[in-house]
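Q: Next comes final39.cif, mmCIF, C-alpha atoms and all ligand atoms:
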data_query
#
loop_
_atom_site.label_atom_id
_atom_site.label_comp_id
_atom_site.auth_asym_id
_atom_site.auth_seq_id
_atom_site.Cartn_x
_atom_site.Cartn_y
_atom_site.Cartn_z
CA MET A 1 96.52 94.91 132.83
CA TYR A 2 99.44 94.56 135.12
CA HIS A 3 100.03 91.95 137.77
CA HIS A 4 102.85 91.79 140.28
CA VAL A 5 104.43 88.48 141.23
CA LYS A 6 106.39 88.49 144.48
CA GLU A 7 109.53 87.15 142.89
CA LEU A 8 112.40 89.05 141.31
CA MET A 9 113.20 88.42 137.65
CA TYR A 10 116.80 87.89 138.75
CA THR A 11 117.85 87.04 142.29
CA VAL A 12 119.82 89.89 143.79
CA ARG A 13 122.72 89.46 146.17
CA VAL A 14 125.04 92.13 147.56
CA ASP A 15 128.16 90.93 149.32
CA VAL A 16 129.40 94.29 150.66
CA PRO A 17 127.05 97.33 150.59
CA ASP A 18 128.66 100.38 148.96
CA PRO A 19 126.53 103.54 149.43
CA LYS A 20 128.51 105.57 146.91
CA PHE A 21 127.99 102.86 144.32
CA GLY A 22 124.31 102.71 145.28
CA ASN A 23 124.11 106.40 144.41
CA MET A 24 125.58 105.64 140.95
CA LEU A 25 123.07 102.82 140.46
CA LEU A 26 120.25 105.37 140.72
CA GLU A 27 121.07 106.25 137.10
CA GLN A 28 119.43 102.98 136.12
CA PHE A 29 116.46 103.51 138.44
CA GLY A 30 115.43 107.14 137.94
CA GLY A 31 117.95 108.34 135.35
CA ALA A 32 117.65 109.31 131.68
CA ASN A 33 118.69 105.89 130.36
CA GLY A 34 117.27 103.90 133.26
CA GLU A 35 114.68 101.19 133.54
CA LEU A 36 111.68 103.41 134.29
CA ALA A 37 112.41 105.49 131.21
CA ALA A 38 112.65 102.32 129.11
CA ALA A 39 109.47 100.82 130.60
CA MET A 40 107.48 104.02 130.02
CA GLN A 41 108.87 104.69 126.55
CA TYR A 42 107.98 101.26 125.17
CA SER A 43 104.66 100.99 127.02
CA VAL A 44 103.43 104.40 125.85
CA GLN A 45 104.61 103.64 122.31
CA GLY A 46 102.70 100.36 122.56
CA ILE A 47 99.50 102.08 123.67
CA ASN A 48 99.83 104.33 120.60
CA CYS A 49 100.72 101.54 118.16
CA ASP A 50 98.19 100.48 115.50
CA ASP A 51 100.38 97.63 114.24
CA PRO A 52 99.17 94.70 116.39
CA GLU A 53 102.33 92.61 116.02
CA ARG A 54 104.78 95.34 116.93
CA LYS A 55 102.44 96.57 119.62
CA ASP A 56 102.82 93.14 121.22
CA LEU A 57 106.61 93.50 121.03
CA LEU A 58 106.48 96.95 122.66
CA MET A 59 104.23 95.74 125.47
CA ASP A 60 106.35 92.61 126.06
CA ILE A 61 109.57 94.57 126.41
CA GLY A 62 107.99 97.54 128.17
CA THR A 63 106.69 95.14 130.81
CA GLU A 64 110.03 93.36 131.13
CA GLU A 65 111.64 96.76 131.78
CA LEU A 66 109.33 97.18 134.78
CA SER A 67 110.75 93.91 136.10
CA HIS A 68 114.24 95.35 135.54
CA LEU A 69 113.18 98.43 137.49
CA GLU A 70 112.30 96.21 140.39
CA VAL A 71 115.64 94.35 140.20
CA ILE A 72 117.74 97.51 140.03
CA GLY A 73 115.61 99.10 142.76
CA VAL A 74 116.18 96.21 145.15
CA LEU A 75 119.89 96.09 144.31
CA THR A 76 120.27 99.84 144.78
CA ARG A 77 118.44 99.80 148.09
CA MET A 78 120.76 97.09 149.42
CA HIS A 79 123.72 99.32 148.62
CA LEU A 80 122.07 102.41 150.08
CA LYS A 81 120.95 100.76 153.32
CA PRO A 82 123.85 102.10 155.45
CA LEU A 83 122.68 105.64 154.60
CA ARG A 84 119.93 105.31 157.17
CA SER A 85 122.20 105.15 160.18
CA LYS A 86 125.81 105.92 159.28
CA ARG A 87 126.93 109.52 158.85
CA ASN A 88 129.75 108.68 156.42
CA ALA A 89 127.37 106.71 154.25
CA ALA A 90 124.70 109.42 154.40
CA GLU A 91 127.11 111.83 152.72
CA ALA A 92 127.05 109.66 149.61
CA ASP A 93 123.50 110.84 148.92
CA PRO A 94 121.90 113.33 151.35
CA LEU A 95 118.67 113.35 149.32
CA ILE A 96 118.22 109.63 149.86
CA SER A 97 119.37 109.63 153.47
CA ILE A 98 117.66 112.76 154.81
CA VAL A 99 114.57 113.08 152.62
CA GLY A 100 114.07 109.47 151.59
CA GLY A 101 115.12 107.70 154.75
CA GLY A 102 117.49 105.44 152.84
CA GLY A 103 114.97 104.24 150.25
CA VAL A 104 115.41 104.53 146.50
CA SER A 105 113.68 107.42 144.77
CA LEU A 106 113.06 108.36 141.16
CA HIS A 107 116.08 110.60 140.87
CA ASN A 108 119.32 110.17 139.01
CA SER A 109 122.71 109.96 140.72
CA MET A 110 122.87 113.76 140.97
CA GLY A 111 119.41 114.14 142.52
CA SER A 112 117.58 115.35 139.41
CA ALA A 113 113.98 114.14 139.37
CA TRP A 114 112.88 111.63 136.74
CA THR A 115 111.02 113.34 133.91
CA ALA A 116 108.85 112.29 130.98
CA ASP A 117 111.18 114.46 128.90
CA TYR A 118 113.48 111.43 128.85
CA LEU A 119 110.98 109.58 126.64
CA LYS A 120 111.01 109.49 122.85
CA VAL A 121 107.54 108.67 121.55
CA THR A 122 106.75 109.70 117.97
CA GLY A 123 103.68 107.69 116.93
CA GLU A 124 105.59 106.32 113.88
CA ILE A 125 106.51 102.72 114.52
CA ASP A 126 109.73 102.75 112.48
CA VAL A 127 110.93 105.98 114.10
CA ASP A 128 110.00 104.65 117.55
CA LEU A 129 111.91 101.42 116.89
CA ARG A 130 115.00 103.45 115.96
CA ASN A 131 114.60 105.40 119.20
CA ASN A 132 114.39 102.11 121.07
CA ILE A 133 117.50 100.66 119.45
CA ALA A 134 119.38 103.78 120.56
CA ALA A 135 117.84 103.59 124.06
CA GLU A 136 118.99 99.99 124.45
CA ALA A 137 122.50 100.94 123.32
CA ARG A 138 122.58 103.70 125.97
CA ALA A 139 121.28 101.35 128.66
CA LYS A 140 123.90 98.77 127.74
CA ILE A 141 126.82 101.19 127.95
CA THR A 142 125.49 102.62 131.23
CA TYR A 143 125.45 99.14 132.77
CA GLU A 144 128.93 98.46 131.44
CA ARG A 145 130.28 101.65 133.03
CA LEU A 146 128.63 100.79 136.34
CA MET A 147 130.20 97.33 136.21
CA ASN A 148 133.61 98.95 135.79
CA PHE A 149 133.17 100.63 139.19
CA THR A 150 132.36 97.68 141.41
CA GLY A 151 134.09 94.46 142.34
CA ASP A 152 131.15 93.10 144.32
CA ARG A 153 130.47 89.64 142.91
CA GLY A 154 126.73 89.56 143.66
CA THR A 155 126.24 93.04 142.21
CA LEU A 156 128.20 92.17 139.07
CA ASP A 157 126.02 89.09 138.54
CA ALA A 158 122.80 91.14 138.58
CA LEU A 159 124.24 93.91 136.39
CA GLN A 160 125.55 91.36 133.89
CA PHE A 161 122.04 89.93 133.59
CA LEU A 162 120.42 93.34 133.11
CA MET A 163 123.08 94.43 130.62
CA THR A 164 122.58 91.24 128.62
CA ARG A 165 118.83 91.76 128.38
CA GLU A 166 119.38 95.20 126.83
CA ILE A 167 121.27 93.58 123.97
CA THR A 168 118.44 91.06 123.63
CA HIS A 169 116.00 93.95 123.31
CA MET A 170 118.23 95.79 120.86
CA LYS A 171 118.23 92.67 118.70
CA ALA A 172 114.42 92.33 118.86
CA PHE A 173 113.84 96.02 118.02
CA THR A 174 116.35 95.88 115.16
CA LEU A 175 114.76 92.80 113.62
CA ALA A 176 111.28 94.29 114.07
CA LEU A 177 112.44 97.40 112.21
CA GLU A 178 113.92 95.31 109.40
CA SER A 179 110.76 93.21 109.19
CA LEU A 180 108.81 96.33 108.18
CA GLY A 181 110.61 96.00 104.84
CA LYS A 182 111.23 99.73 104.48
CA PRO A 183 114.40 100.90 102.74
CA VAL A 184 116.88 101.80 105.44
CA PHE A 185 116.86 105.56 104.76
CA SER A 186 113.11 105.81 104.25
CA ILE A 187 111.32 107.70 107.03
CA GLY A 188 107.67 108.70 106.75
CA LYS A 189 106.02 108.97 103.32
CA LEU A 190 107.46 112.02 101.57
CA PRO A 191 110.62 111.32 99.56
CA PRO A 192 113.66 113.56 100.06
CA THR A 193 114.73 115.84 97.19
CA PRO A 194 116.86 113.92 94.67
CA GLY A 195 120.37 115.31 94.24
CA ILE A 196 120.42 117.28 97.48
CA VAL A 197 119.94 114.09 99.47
CA ASP A 198 123.23 112.68 98.13
CA GLN A 199 125.37 115.76 98.70
CA TYR A 200 127.93 115.59 101.48
CA PHE A 201 129.03 119.05 102.57
CA ASN A 202 132.62 119.21 103.79
CA ASP A 203 131.81 121.98 106.26
CA SER A 204 134.70 121.29 108.64
CA THR A 205 137.99 121.54 106.82
CA GLY A 206 141.73 121.59 107.42
CA VAL A 207 143.82 119.61 109.87
CA GLY A 208 143.34 120.17 113.61
CA ASP A 209 145.99 120.97 116.20
CA ARG A 210 146.12 117.35 117.26
CA GLY A 211 146.19 116.06 113.70
CA GLU A 212 142.41 115.63 113.38
CA PRO A 213 142.00 114.85 109.68
CA ASP A 214 139.64 116.00 107.00
CA ALA A 215 138.33 112.46 106.80
CA ARG A 216 136.97 110.43 103.93
CA GLY A 217 135.07 107.20 104.38
CA PRO A 218 131.91 105.40 103.32
CA TRP A 219 129.91 108.20 104.96
CA ASN A 220 131.04 110.71 102.33
CA GLU A 221 132.88 108.79 99.64
CA GLY A 222 131.88 106.52 96.76
CA GLU A 223 129.25 106.22 94.07
CA SER A 224 126.27 107.30 96.10
CA TRP A 225 127.87 110.57 97.23
CA GLU A 226 128.56 113.92 95.71
CA PHE A 227 131.32 115.42 97.85
CA VAL A 228 130.89 119.20 98.03
CA GLU A 229 134.05 120.92 99.20
CA ALA A 230 133.56 123.83 101.67
CA PRO A 231 130.25 125.08 100.24
CA ALA A 232 130.35 128.22 102.40
CA PHE A 233 133.34 129.44 100.41
CA LYS A 234 132.04 128.46 97.00
CA GLN A 235 128.48 127.79 96.13
CA PHE A 236 125.39 126.45 97.67
CA LEU A 237 121.97 125.25 96.67
CA SER A 238 118.86 127.36 96.78
CA PRO A 239 116.55 125.73 99.32
CA GLU A 240 113.55 126.89 97.26
CA THR A 241 114.49 125.66 93.82
CA GLY A 242 117.41 123.29 94.29
CA ALA A 243 119.21 125.45 91.74
CA ARG A 244 122.92 125.89 92.11
CA GLN A 245 123.78 129.46 93.07
CA SER A 246 126.97 131.41 93.11
CA GLY A 247 128.22 132.89 96.36
CA ASP A 248 126.73 136.32 95.76
CA GLY A 249 123.24 134.87 95.79
CA HIS A 250 122.35 135.04 92.08
CA ALA A 251 120.69 131.86 90.92
CA GLU A 252 122.45 130.54 87.86
CA ASN A 253 119.19 129.56 86.23
CA GLY A 254 117.89 133.09 86.65
CA SER A 255 115.13 132.11 89.05
CA SER A 256 113.75 134.76 91.37
CA ALA A 257 114.49 132.78 94.52
CA PRO A 258 115.21 135.04 97.50
CA LYS A 259 118.82 136.05 97.76
CA LYS A 260 120.87 134.20 100.30
CA ARG A 261 124.37 135.26 101.12
CA SER A 262 127.16 133.07 102.33
CA PRO A 263 128.68 133.87 105.76
CA VAL A 264 131.92 134.90 104.08
CA LYS A 265 130.19 137.54 101.97
CA LYS A 266 128.33 138.88 104.98
CA GLN A 267 131.47 139.31 107.00
CA SER A 268 133.34 140.97 104.19
CA LYS A 269 131.08 144.01 104.52
CA GLY A 270 132.59 145.01 107.87
CA THR A 271 135.75 143.16 108.66
CA THR A 272 137.94 141.19 106.38
CA HIS A 273 139.67 137.87 106.79
CA SER A 274 142.57 138.82 104.58
CA LYS A 275 145.83 139.66 106.30
MN MN B 301 116.19 97.08 131.10
MN MN B 302 115.91 97.02 127.52
#
Could you render the structure as structure tokens?
Ligand code: MN
Ligand code: MN
A:
Amino acid sequence: MYHHVKELMYTVRVDVPDPKFGNMLLEQFGGANGELAAAMQYSVQGINCDDPERKDLLMDIGTEELSHLEVIGVLTRMHLKPLRSKRNAAEADPLISIVGGGGVSLHNSMGSAWTADYLKVTGEIDVDLRNNIAAEARAKITYERLMNFTGDRGTLDALQFLMTREITHMKAFTLALESLGKPVFSIGKLPPTPGIVDQYFNDSTGVGDRGEPDARGPWNEGESWEFVEAPAFKQFLSPETGARQSGDGHAENGSSAPKKRSPVKKQSKGTTHSK
């Protein structure tokens, strides 16, 4: 059950209202990475969660996000207040000034309505926790960008608090994920296909106009990787059998897997790349 206490989680103060900044703040009220999206994502995940301990975590943080929604809503409204009476201010957000009478609404800064499509709810606790870690990272960077566009001391105080809490949540979700004890690349129950899972396809090759490199790093280099150079031009694996095939589609082990042609071979029928 929910209960409302007539006290903000963080006291909000605005020194100088800035309607254009208030419009930007709507991103954290009714936007894709905003507080309502966070509150609904975690709360709905929690309702679906059969793991009682992590369900408690989801409901704790989902409920805190509702308190954040209230804080950002009050802060935004203080910035938008001049929209009600001043023509110049009203131009910062006609939707809020003309339709909403100067009150906050569940739209983003461009007037797009909030949508449940923002939510990521999978019904798998480890996948949901990964979604939540990413959601907290997005919320954090959104707050940081907002903070870069205001010098209002009171506003910065409130945004600093809200930004900090997102890191707190990211930490809690990360540790909850780790506490499941699953290997880091294990999702669901079915194992990936051995061999194929360790192949890195170098599908973007050459050096770009601005010196963009053909990069090597821990993501494609070292013991756990098989680096496959430009597979489209050489060979690829049959998705059916895992057998290595040559470019013309004949499986080397003679299997009857359906023929699959590389893009290069296809194109060579009509036009040619050779000069
Ligand atoms: Mn939040
Ligand atoms: Mn959060």
Q: Using only C-alpha atoms, find the one residue out of A:Ser85, A:Asn220, A:Pro19, A:His4 that sits nearest to Thr150 of chain A.
A: A:Pro19
Q: Could you pull the residues within 12 Å of segment 153-155 of chain A, counting only C-alpha atoms, minus those fewer than 2 positions along the same chain, as a PyMOL selection string?
A: chain A and resi 10-18+21-22+25+71-72+74-79+143+146-151+157-162
Q: Write the residues of the preceding selection, restricted to C-alpha atoms, as a short mmCIF file (atom, residue, chain, number, x, y, z; two decimals), in the coordinates of the input.
A:
data_model
loop_
_atom_site.label_atom_id
_atom_site.label_comp_id
_atom_site.auth_asym_id
_atom_site.auth_seq_id
_atom_site.Cartn_x
_atom_site.Cartn_y
_atom_site.Cartn_z
CA TYR A 10 116.80 87.89 138.75
CA THR A 11 117.85 87.04 142.29
CA VAL A 12 119.82 89.89 143.79
CA ARG A 13 122.72 89.46 146.17
CA VAL A 14 125.04 92.13 147.56
CA ASP A 15 128.16 90.93 149.32
CA VAL A 16 129.40 94.29 150.66
CA PRO A 17 127.05 97.33 150.59
CA ASP A 18 128.66 100.38 148.96
CA PHE A 21 127.99 102.86 144.32
CA GLY A 22 124.31 102.71 145.28
CA LEU A 25 123.07 102.82 140.46
CA VAL A 71 115.64 94.35 140.20
CA ILE A 72 117.74 97.51 140.03
CA VAL A 74 116.18 96.21 145.15
CA LEU A 75 119.89 96.09 144.31
CA THR A 76 120.27 99.84 144.78
CA ARG A 77 118.44 99.80 148.09
CA MET A 78 120.76 97.09 149.42
CA HIS A 79 123.72 99.32 148.62
CA TYR A 143 125.45 99.14 132.77
CA LEU A 146 128.63 100.79 136.34
CA MET A 147 130.20 97.33 136.21
CA ASN A 148 133.61 98.95 135.79
CA PHE A 149 133.17 100.63 139.19
CA THR A 150 132.36 97.68 141.41
CA GLY A 151 134.09 94.46 142.34
CA ASP A 157 126.02 89.09 138.54
CA ALA A 158 122.80 91.14 138.58
CA LEU A 159 124.24 93.91 136.39
CA GLN A 160 125.55 91.36 133.89
CA PHE A 161 122.04 89.93 133.59
CA LEU A 162 120.42 93.34 133.11
#
Q: Return as a VMD selection string the residues of protein, DNA or RNA that approach ligand MN 302 (chain B) to within 10 Å, with all atoms listed in the file taken into account.
A: chain A and resid 33 to 35 37 to 39 42 61 to 66 68 132 to 133 135 to 140 162 to 170 172 to 173
Q: Any chance you could export the current selection's C-alpha atoms as a CSV table (one decimal), keeping the file's coordinate frame?
A:
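Listed below is the output, again-v2.csv:
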chain,number,residue,atom,x,y,z
A,33,ASN,CA,118.7,105.9,130.4
A,34,GLY,CA,117.3,103.9,133.3
A,35,GLU,CA,114.7,101.2,133.5
A,37,ALA,CA,112.4,105.5,131.2
A,38,ALA,CA,112.6,102.3,129.1
A,39,ALA,CA,109.5,100.8,130.6
A,42,TYR,CA,108.0,101.3,125.2
A,61,ILE,CA,109.6,94.6,126.4
A,62,GLY,CA,108.0,97.5,128.2
A,63,THR,CA,106.7,95.1,130.8
A,64,GLU,CA,110.0,93.4,131.1
A,65,GLU,CA,111.6,96.8,131.8
A,66,LEU,CA,109.3,97.2,134.8
A,68,HIS,CA,114.2,95.4,135.5
A,132,ASN,CA,114.4,102.1,121.1
A,133,ILE,CA,117.5,100.7,119.4
A,135,ALA,CA,117.8,103.6,124.1
A,136,GLU,CA,119.0,100.0,124.4
A,137,ALA,CA,122.5,100.9,123.3
A,138,ARG,CA,122.6,103.7,126.0
A,139,ALA,CA,121.3,101.4,128.7
A,140,LYS,CA,123.9,98.8,127.7
A,162,LEU,CA,120.4,93.3,133.1
A,163,MET,CA,123.1,94.4,130.6
A,164,THR,CA,122.6,91.2,128.6
A,165,ARG,CA,118.8,91.8,128.4
A,166,GLU,CA,119.4,95.2,126.8
A,167,ILE,CA,121.3,93.6,124.0
A,168,THR,CA,118.4,91.1,123.6
A,169,HIS,CA,116.0,94.0,123.3
A,170,MET,CA,118.2,95.8,120.9
A,172,ALA,CA,114.4,92.3,118.9
A,173,PHE,CA,113.8,96.0,118.0
Q: Using only C-alpha atoms and all ligand atoms, can you tell me which of A:Gly103, A:Arg87, A:Ile141, A:Ser109 comes closest to ligand MN 301 (chain B)?
A: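 Among A:Gly103, A:Arg87, A:Ile141, A:Ser109, it is A:Ile141 that comes nearest to ligand MN 301 (chain B).
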Q: What does the distance from atom CA of Met24 of chain A to atom CA of Gln41 of chain A come to in Å, to one decimal?
A: 22.1 Å
Q: A:Leu8, A:Leu36, A:Leu69, A:Leu80: which is nearest Asn23 of chain A, counting all atoms listed in the file?
A: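 Residue with the minimum atom-to-atom distance to Asn23 of chain A: A:Leu80.
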Q: In Å, rounded to a single decimal, give me how far atom CA of Asp51 of chain A is from atom CA of Lys182 of chain A.
A: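 Atom CA of Lys182 of chain A sits 14.7 Å away from atom CA of Asp51 of chain A.
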Q: Using atom CA of Thr174 of chain A and atom CA of Gly73 of chain A as the two end points, give the distance in Å to one decimal.
A: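 So the two atoms, atom CA of Thr174 of chain A and atom CA of Gly73 of chain A, lie 27.8 Å apart.
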Q: Taking 2 positions as the minimum chain separation for residues in the same chain, which residues sit within 7 Å of segment 122-127 of chain A when counting all atoms listed in the file? Answer as a CSV table (one decimal) with C-alpha atoms, keeping the file's coordinate frame.
A:
chain,number,residue,atom,x,y,z
A,45,GLN,CA,104.6,103.6,122.3
A,48,ASN,CA,99.8,104.3,120.6
A,49,CYS,CA,100.7,101.5,118.2
A,120,LYS,CA,111.0,109.5,122.8
A,129,LEU,CA,111.9,101.4,116.9
A,130,ARG,CA,115.0,103.4,116.0
A,131,ASN,CA,114.6,105.4,119.2
A,177,LEU,CA,112.4,97.4,112.2
Q: Between A:Lys171, A:His3, A:Arg210, A:Lys81, single out the one closest to Lys20 of chain A, counting all atoms listed in the file.
A: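 Smallest separation from Lys20 of chain A among the options: A:Lys81.
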Q: Nearest to ligand MN 301 (chain B) among A:Met1, A:Ala116, A:Met9, A:Ala89, with distances taken over all atoms listed in the file: which residue is it?
A: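 Ranked by minimum distance to ligand MN 301 (chain B), first place goes to A:Met9.
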